[in-house]
$ cat final02.cif   # mmCIF, C-alpha atoms
data_model
loop_
_atom_site.label_atom_id
_atom_site.label_comp_id
_atom_site.auth_asym_id
_atom_site.auth_seq_id
_atom_site.Cartn_x
_atom_site.Cartn_y
_atom_site.Cartn_z
CA LYS A 1 -21.83 -15.30 -33.11
CA ALA A 2 -21.81 -18.02 -30.49
CA GLY A 3 -21.91 -16.92 -26.87
CA VAL A 4 -19.98 -18.17 -23.88
CA THR A 5 -20.43 -21.90 -23.49
CA GLN A 6 -20.14 -23.61 -20.14
CA THR A 7 -20.20 -27.34 -19.69
CA PRO A 8 -21.72 -29.20 -18.08
CA ARG A 9 -24.83 -27.24 -17.13
CA TYR A 10 -25.58 -29.38 -14.09
CA LEU A 11 -23.38 -31.54 -11.95
CA ILE A 12 -23.89 -33.59 -8.81
CA LYS A 13 -20.81 -34.67 -6.87
CA THR A 14 -20.11 -36.31 -3.56
CA ARG A 15 -18.23 -34.58 -0.76
CA GLY A 16 -14.51 -35.24 -1.07
CA GLN A 17 -14.54 -35.70 -4.83
CA GLN A 18 -13.06 -33.27 -7.30
CA VAL A 19 -14.70 -31.58 -10.26
CA THR A 20 -13.64 -29.81 -13.44
CA LEU A 21 -15.78 -27.20 -15.13
CA SER A 22 -15.20 -25.92 -18.64
CA CYS A 23 -15.74 -22.56 -20.31
CA SER A 24 -15.39 -21.71 -23.99
CA PRO A 25 -15.29 -17.94 -24.49
CA ILE A 26 -16.66 -15.98 -27.40
CA SER A 27 -14.44 -16.31 -30.44
CA GLY A 28 -11.68 -13.72 -30.30
CA HIS A 29 -12.02 -13.10 -26.57
CA ARG A 30 -8.81 -13.78 -24.69
CA SER A 31 -9.89 -12.98 -21.14
CA VAL A 32 -11.90 -15.43 -19.04
CA SER A 33 -13.10 -14.85 -15.50
CA TRP A 34 -14.86 -17.17 -13.09
CA TYR A 35 -17.41 -16.28 -10.43
CA GLN A 36 -19.17 -18.31 -7.76
CA GLN A 37 -22.81 -17.45 -7.07
CA THR A 38 -24.55 -18.60 -3.89
CA PRO A 39 -27.71 -17.35 -2.17
CA GLY A 40 -25.77 -16.35 0.93
CA GLN A 41 -22.63 -14.77 -0.50
CA GLY A 42 -23.91 -13.57 -3.86
CA LEU A 43 -21.45 -13.29 -6.72
CA GLN A 44 -17.82 -13.70 -5.73
CA PHE A 45 -14.82 -13.44 -8.00
CA LEU A 46 -12.69 -16.56 -8.26
CA PHE A 47 -9.97 -15.80 -10.82
CA GLU A 48 -9.22 -14.26 -14.18
CA TYR A 49 -7.06 -15.53 -17.00
CA PHE A 50 -5.67 -13.70 -19.97
CA SER A 51 -3.43 -15.24 -22.58
CA GLU A 52 -2.98 -18.37 -20.43
CA THR A 53 -1.81 -16.34 -17.41
CA GLN A 54 -3.70 -15.84 -14.19
CA ARG A 55 -4.05 -12.10 -13.72
CA ASN A 56 -6.20 -11.86 -10.65
CA LYS A 57 -7.33 -14.24 -7.95
CA GLY A 58 -10.13 -13.89 -5.46
CA ASN A 59 -10.18 -14.91 -1.85
CA PHE A 60 -10.81 -18.62 -2.19
CA PRO A 61 -8.87 -21.56 -0.75
CA GLY A 62 -6.26 -23.38 -2.77
CA ARG A 63 -8.76 -26.16 -3.52
CA PHE A 64 -10.03 -23.87 -6.26
CA SER A 65 -7.75 -23.65 -9.26
CA GLY A 66 -7.98 -22.86 -12.91
CA ARG A 67 -6.13 -22.68 -16.15
CA GLN A 68 -6.48 -21.32 -19.64
CA PHE A 69 -5.42 -22.99 -22.84
CA SER A 70 -3.88 -21.48 -25.95
CA ASN A 71 -7.30 -21.37 -27.64
CA SER A 72 -8.58 -19.28 -24.68
CA ARG A 73 -10.80 -22.05 -23.36
CA SER A 74 -10.63 -22.23 -19.60
CA GLU A 75 -11.19 -24.85 -16.96
CA MET A 76 -11.63 -24.54 -13.25
CA ASN A 77 -11.07 -27.35 -10.81
CA VAL A 78 -12.30 -27.81 -7.29
CA SER A 79 -10.67 -30.56 -5.26
CA THR A 80 -11.89 -32.18 -2.06
CA LEU A 81 -15.40 -30.88 -2.51
CA GLU A 82 -17.30 -29.56 0.49
CA LEU A 83 -21.04 -29.08 0.88
CA GLY A 84 -20.47 -25.32 0.84
CA ASP A 85 -19.08 -25.51 -2.68
CA SER A 86 -22.59 -26.06 -3.98
CA ALA A 87 -23.19 -23.05 -6.19
CA LEU A 88 -23.72 -21.69 -9.66
CA TYR A 89 -20.33 -21.16 -11.27
CA LEU A 90 -20.34 -18.46 -13.93
CA CYS A 91 -17.75 -17.81 -16.56
CA ALA A 92 -17.35 -14.44 -18.28
CA SER A 93 -15.33 -13.64 -21.36
CA SER A 94 -14.12 -10.30 -22.65
CA LEU A 95 -11.76 -8.99 -25.28
CA SER A 96 -9.20 -7.65 -22.85
CA PRO A 97 -8.32 -8.04 -19.17
CA GLY A 98 -10.71 -6.73 -16.56
CA GLN A 99 -14.46 -6.68 -17.00
CA GLY A 100 -14.80 -2.93 -16.93
CA SER A 101 -13.07 -1.53 -19.96
CA THR A 102 -14.74 -3.93 -22.34
CA GLU A 103 -18.05 -5.68 -21.91
CA ALA A 104 -18.00 -9.00 -20.13
CA PHE A 105 -20.29 -11.67 -21.56
CA PHE A 106 -21.48 -14.34 -19.17
CA GLY A 107 -22.26 -17.96 -19.82
CA GLN A 108 -25.35 -19.70 -18.42
CA GLY A 109 -23.29 -21.23 -15.68
CA THR A 110 -22.70 -24.67 -14.25
CA ARG A 111 -24.91 -25.63 -11.32
CA LEU A 112 -22.79 -27.75 -8.96
CA THR A 113 -24.49 -29.66 -6.18
CA VAL A 114 -22.33 -31.39 -3.57
CA VAL A 115 -24.06 -34.12 -1.56
CA ALA B 1 -11.03 -1.44 -2.64
CA GLN B 2 -14.55 -1.36 -3.99
CA SER B 3 -17.88 -2.47 -2.56
CA VAL B 4 -21.52 -2.26 -3.55
CA THR B 5 -24.68 -2.08 -1.46
CA GLN B 6 -28.03 -2.75 -3.02
CA LEU B 7 -30.90 -1.54 -0.87
CA GLY B 8 -33.73 -4.04 -0.81
CA SER B 9 -33.26 -7.68 -1.65
CA HIS B 10 -36.76 -7.79 -3.11
CA VAL B 11 -38.78 -5.08 -4.83
CA SER B 12 -42.32 -5.55 -6.05
CA VAL B 13 -44.06 -3.17 -8.46
CA SER B 14 -47.27 -3.18 -10.45
CA GLU B 15 -47.16 -3.49 -14.20
CA GLY B 16 -46.84 0.02 -15.66
CA ALA B 17 -45.40 1.50 -12.47
CA LEU B 18 -42.00 3.08 -12.04
CA VAL B 19 -39.11 0.73 -11.31
CA LEU B 20 -36.42 2.04 -8.95
CA LEU B 21 -33.59 -0.22 -7.83
CA ARG B 22 -31.05 1.36 -5.52
CA CYS B 23 -27.31 0.95 -5.59
CA ASN B 24 -24.64 2.68 -3.54
CA TYR B 25 -20.96 2.05 -4.04
CA SER B 26 -17.73 2.59 -2.25
CA SER B 27 -14.53 3.03 -4.20
CA SER B 28 -11.12 4.42 -3.38
CA VAL B 29 -10.63 5.35 -7.05
CA PRO B 30 -13.02 6.66 -9.69
CA PRO B 31 -15.33 3.80 -10.49
CA TYR B 32 -16.79 2.11 -13.47
CA LEU B 33 -20.38 1.11 -12.61
CA PHE B 34 -22.62 -1.54 -14.10
CA TRP B 35 -26.08 -3.02 -13.89
CA TYR B 36 -26.62 -6.64 -14.89
CA VAL B 37 -29.84 -8.65 -15.10
CA GLN B 38 -30.20 -12.36 -14.49
CA TYR B 39 -33.23 -14.37 -15.54
CA PRO B 40 -33.89 -17.75 -13.89
CA ASN B 41 -31.33 -20.39 -14.79
CA GLN B 42 -29.43 -17.94 -16.95
CA GLY B 43 -26.17 -16.06 -16.82
CA LEU B 44 -25.83 -12.32 -16.42
CA GLN B 45 -26.67 -9.83 -19.14
CA LEU B 46 -25.30 -6.29 -19.16
CA LEU B 47 -28.07 -3.67 -18.96
CA LEU B 48 -25.89 -0.57 -18.93
CA LYS B 49 -22.60 0.81 -17.71
CA TYR B 50 -21.04 4.09 -16.69
CA THR B 51 -17.39 4.71 -17.40
CA THR B 52 -16.82 8.42 -17.98
CA GLY B 53 -18.71 11.32 -19.50
CA ALA B 54 -22.48 11.74 -19.31
CA THR B 55 -23.75 10.74 -15.90
CA LEU B 56 -27.17 9.60 -17.17
CA VAL B 57 -26.70 6.30 -18.90
CA LYS B 58 -29.32 4.62 -21.06
CA GLY B 59 -29.36 0.89 -21.43
CA ILE B 60 -31.34 -1.87 -23.00
CA ASN B 61 -35.02 -2.63 -22.43
CA GLY B 62 -35.82 0.98 -21.45
CA PHE B 63 -33.64 1.05 -18.35
CA GLU B 64 -31.44 3.95 -17.36
CA ALA B 65 -29.21 4.88 -14.43
CA GLU B 66 -27.67 8.06 -13.14
CA PHE B 67 -24.20 8.30 -11.64
CA LYS B 68 -24.23 10.68 -8.68
CA LYS B 69 -20.74 11.09 -7.33
CA SER B 70 -21.79 13.22 -4.36
CA GLU B 71 -24.21 10.54 -3.22
CA THR B 72 -22.02 7.60 -4.35
CA SER B 73 -25.13 6.19 -6.00
CA PHE B 74 -26.03 4.55 -9.29
CA HIS B 75 -29.75 3.82 -9.07
CA LEU B 76 -31.50 1.96 -11.87
CA THR B 77 -34.87 3.17 -13.15
CA LYS B 78 -37.47 2.32 -15.74
CA PRO B 79 -40.58 4.49 -16.22
CA SER B 80 -43.03 1.65 -16.80
CA ALA B 81 -42.54 -1.93 -15.63
CA HIS B 82 -43.38 -4.88 -17.86
CA MET B 83 -44.02 -8.43 -16.75
CA SER B 84 -40.89 -9.46 -18.64
CA ASP B 85 -38.77 -7.27 -16.34
CA ALA B 86 -39.19 -9.74 -13.48
CA ALA B 87 -35.67 -10.96 -12.77
CA GLU B 88 -32.68 -10.48 -10.44
CA TYR B 89 -30.70 -7.28 -10.89
CA PHE B 90 -27.09 -6.80 -9.85
CA CYS B 91 -25.13 -3.61 -9.48
CA ALA B 92 -21.36 -3.92 -9.90
CA VAL B 93 -18.27 -1.74 -9.65
CA SER B 94 -14.72 -1.95 -10.89
CA ALA B 95 -11.82 0.46 -10.72
CA TYR B 96 -11.86 3.30 -13.28
CA SER B 97 -9.20 1.60 -15.34
CA GLY B 98 -11.60 -1.26 -15.89
CA ASN B 99 -8.64 -3.47 -15.28
CA THR B 100 -9.93 -5.08 -12.11
CA PRO B 101 -12.56 -7.72 -11.47
CA LEU B 102 -16.17 -6.76 -11.03
CA VAL B 103 -17.40 -6.48 -7.45
CA PHE B 104 -21.12 -7.23 -7.27
CA GLY B 105 -23.86 -6.26 -4.89
CA LYS B 106 -26.05 -8.96 -3.36
CA GLY B 107 -28.74 -8.43 -5.96
CA THR B 108 -32.35 -7.24 -5.95
CA ARG B 109 -35.13 -9.51 -7.09
CA LEU B 110 -37.77 -7.56 -9.01
CA SER B 111 -41.33 -8.89 -9.09
CA VAL B 112 -43.92 -7.34 -11.41
CA ILE B 113 -47.57 -7.73 -10.46
CA ALA B 114 -50.23 -7.73 -13.13
#
$ encode --input "final02.cif" --output "structure tokens"
Amino acid sequence: KAGVTQTPRYLIKTRGQQVTLSCSPISGHRSVSWYQQTPGQGLQFLFEYFSETQRNKGNFPGRFSGRQFSNSRSEMNVSTLELGDSALYLCASSLSPGQGSTEAFFGQGTRLTVV
Amino acid sequence: AQSVTQLGSHVSVSEGALVLLRCNYSSSVPPYLFWYVQYPNQGLQLLLKYTTGATLVKGINGFEAEFKKSETSFHLTKPSAHMSDAAEYFCAVSAYSGNTPLVFGKGTRLSVIA
């Protein structure tokens, strides 16, 4: 079956712009989580959605937001981009909430570069 | 709250040698523990996980890990390294319910020397 699909794979934006990243989970998976990966901070949890509801949110400013649609596809948005937002953004899907009780499958990520 | 410490940001081993990647965790509740691998320009792939039961967990690609509650450790081992094992490895923890986000360590980059 198809894996987790993240689009686009690479993105270059200018400071101050906004960006939207997309994640299509594995068919049948209703939980989607987002992580930011940087060399300095490692992997940090952004938020988790299940059945179109945000269940958990990490410690990120309000410029980072997300949503989930009825078909479980999810988008995350970053407004007023800063240089420090440059990172690999990873999406993970799982059957149920939380990434512990059921296996979380990760996409290849979107590499965002802010210049 | 949970946290993970991976000892050694970079480990280098010879092909055929033992691989040992160290992970210590802190958790206020019984943990679920995981090891993920990341190849360049790829997402994360689950190697193995401990939830309950047997403390020695076997995963894919010949890797295994042992949960030691007294030492709060979950070290990853493989008896004989292959060149294809070169990658970044992440240890992660979540609460025992599995109903909380994964908290990752900083990662350990494994190099395998021919």
$ resolve_selection --input "final02.cif" --expression "the PyMOL selection byres ((chain B) within 12 of (chain A))" --output "ChimeraX atom specification"
/B:3-6,9,31-52,88-109
$ atom_distance --input "final02.cif" --atom1 "atom CA of B:Ile60" --atom2 "atom CA of B:Thr77"
11.6 Å
$ closest_residue --input "final02.cif" --among "A:Gly84, A:Gln68, A:Val115, A:Ser79" --to "A:Gln17" --atoms "all atoms listed in the file"
A:Ser79
$ resolve_selection --input "final02.cif" --expression "the PyMOL selection byres ((chain A and resi 65) around 7)" --output "PyMOL selection string"
chain A and resi 62-64+66+76-78
$ write_last_selection --input "final02.cif" --atoms "C-alpha atoms" --output "PDB file, in the coordinates of the input"
ATOM      1  CA  GLY A  62      -6.260 -23.380  -2.770  1.00  0.00           C
ATOM      2  CA  ARG A  63      -8.760 -26.160  -3.520  1.00  0.00           C
ATOM      3  CA  PHE A  64     -10.030 -23.870  -6.260  1.00  0.00           C
ATOM      4  CA  GLY A  66      -7.980 -22.860 -12.910  1.00  0.00           C
ATOM      5  CA  MET A  76     -11.630 -24.540 -13.250  1.00  0.00           C
ATOM      6  CA  ASN A  77     -11.070 -27.350 -10.810  1.00  0.00           C
ATOM      7  CA  VAL A  78     -12.300 -27.810  -7.290  1.00  0.00           C
TER       8      VAL A  78
END
$ residues_near_point --input "final02.cif" --point "(-29.8, 4.9, -11.9)" --cutoff "7 Å" --atoms "all atoms listed in the file" --output "MDAnalysis selection string"
chainID B and resid 64:67 74:77
$ atom_distance --input "final02.cif" --atom1 "atom CA of B:Ala86" --atom2 "atom CA of B:Leu7"
17.2 Å
$ atom_distance --input "final02.cif" --atom1 "atom CA of B:Cys23" --atom2 "atom CA of B:Met83"
22.2 Å
$ closest_residue --input "final02.cif" --among "B:Leu18, B:Ala1, B:Ala54, B:Ala114" --to "B:Ser80" --atoms "all atoms listed in the file"
B:Leu18
$ decode --input "final02.cif" --residues "stretch 14-62 of chain B" --atoms "C-alpha atoms" --output "compact mmCIF listing (two decimals), in the first residue's frame"
# COMPACT_ATOMS: atom_id res chain seq x y z
CA SER B 14 34.30 -1.55 11.37
CA GLU B 15 32.27 -3.78 9.10
CA GLY B 16 31.54 -7.00 10.98
CA ALA B 17 32.04 -5.43 14.40
CA LEU B 18 29.46 -5.11 17.16
CA VAL B 19 27.16 -2.10 16.98
CA LEU B 20 26.16 -0.55 20.32
CA LEU B 21 24.12 2.64 20.40
CA ARG B 22 23.23 3.92 23.85
CA CYS B 23 19.95 5.38 24.99
CA ASN B 24 18.83 6.42 28.45
CA TYR B 25 15.38 7.72 29.17
CA SER B 26 13.55 9.59 31.84
CA SER B 27 9.85 9.05 32.34
CA SER B 28 7.45 9.76 35.16
CA VAL B 29 5.25 6.87 34.00
CA PRO B 30 6.07 3.46 32.54
CA PRO B 31 7.42 4.12 29.10
CA TYR B 32 7.02 2.82 25.63
CA LEU B 33 10.46 2.89 23.95
CA PHE B 34 11.41 2.97 20.30
CA TRP B 35 14.37 2.99 17.97
CA TYR B 36 14.04 4.60 14.55
CA VAL B 37 16.54 4.77 11.69
CA GLN B 38 16.85 7.58 9.17
CA TYR B 39 18.76 7.25 5.92
CA PRO B 40 19.89 10.41 4.10
CA ASN B 41 17.03 12.44 2.67
CA GLN B 42 14.50 9.97 4.03
CA GLY B 43 11.91 9.85 6.76
CA LEU B 44 12.13 7.70 9.86
CA GLN B 45 11.67 3.94 9.84
CA LEU B 46 10.77 1.98 12.95
CA LEU B 47 13.46 -0.56 13.89
CA LEU B 48 11.85 -1.94 17.03
CA LYS B 49 9.76 -1.00 20.02
CA TYR B 50 9.20 -2.03 23.61
CA THR B 51 5.76 -1.73 25.12
CA THR B 52 5.27 -4.44 27.73
CA GLY B 53 6.36 -8.02 28.26
CA ALA B 54 9.72 -9.40 27.18
CA THR B 55 12.46 -6.90 27.84
CA LEU B 56 14.66 -8.08 24.95
CA VAL B 57 13.11 -6.83 21.76
CA LYS B 58 14.13 -7.97 18.30
CA GLY B 59 13.68 -5.71 15.34
CA ILE B 60 14.36 -5.52 11.66
CA ASN B 61 17.75 -5.83 9.97
CA GLY B 62 19.22 -7.89 12.84
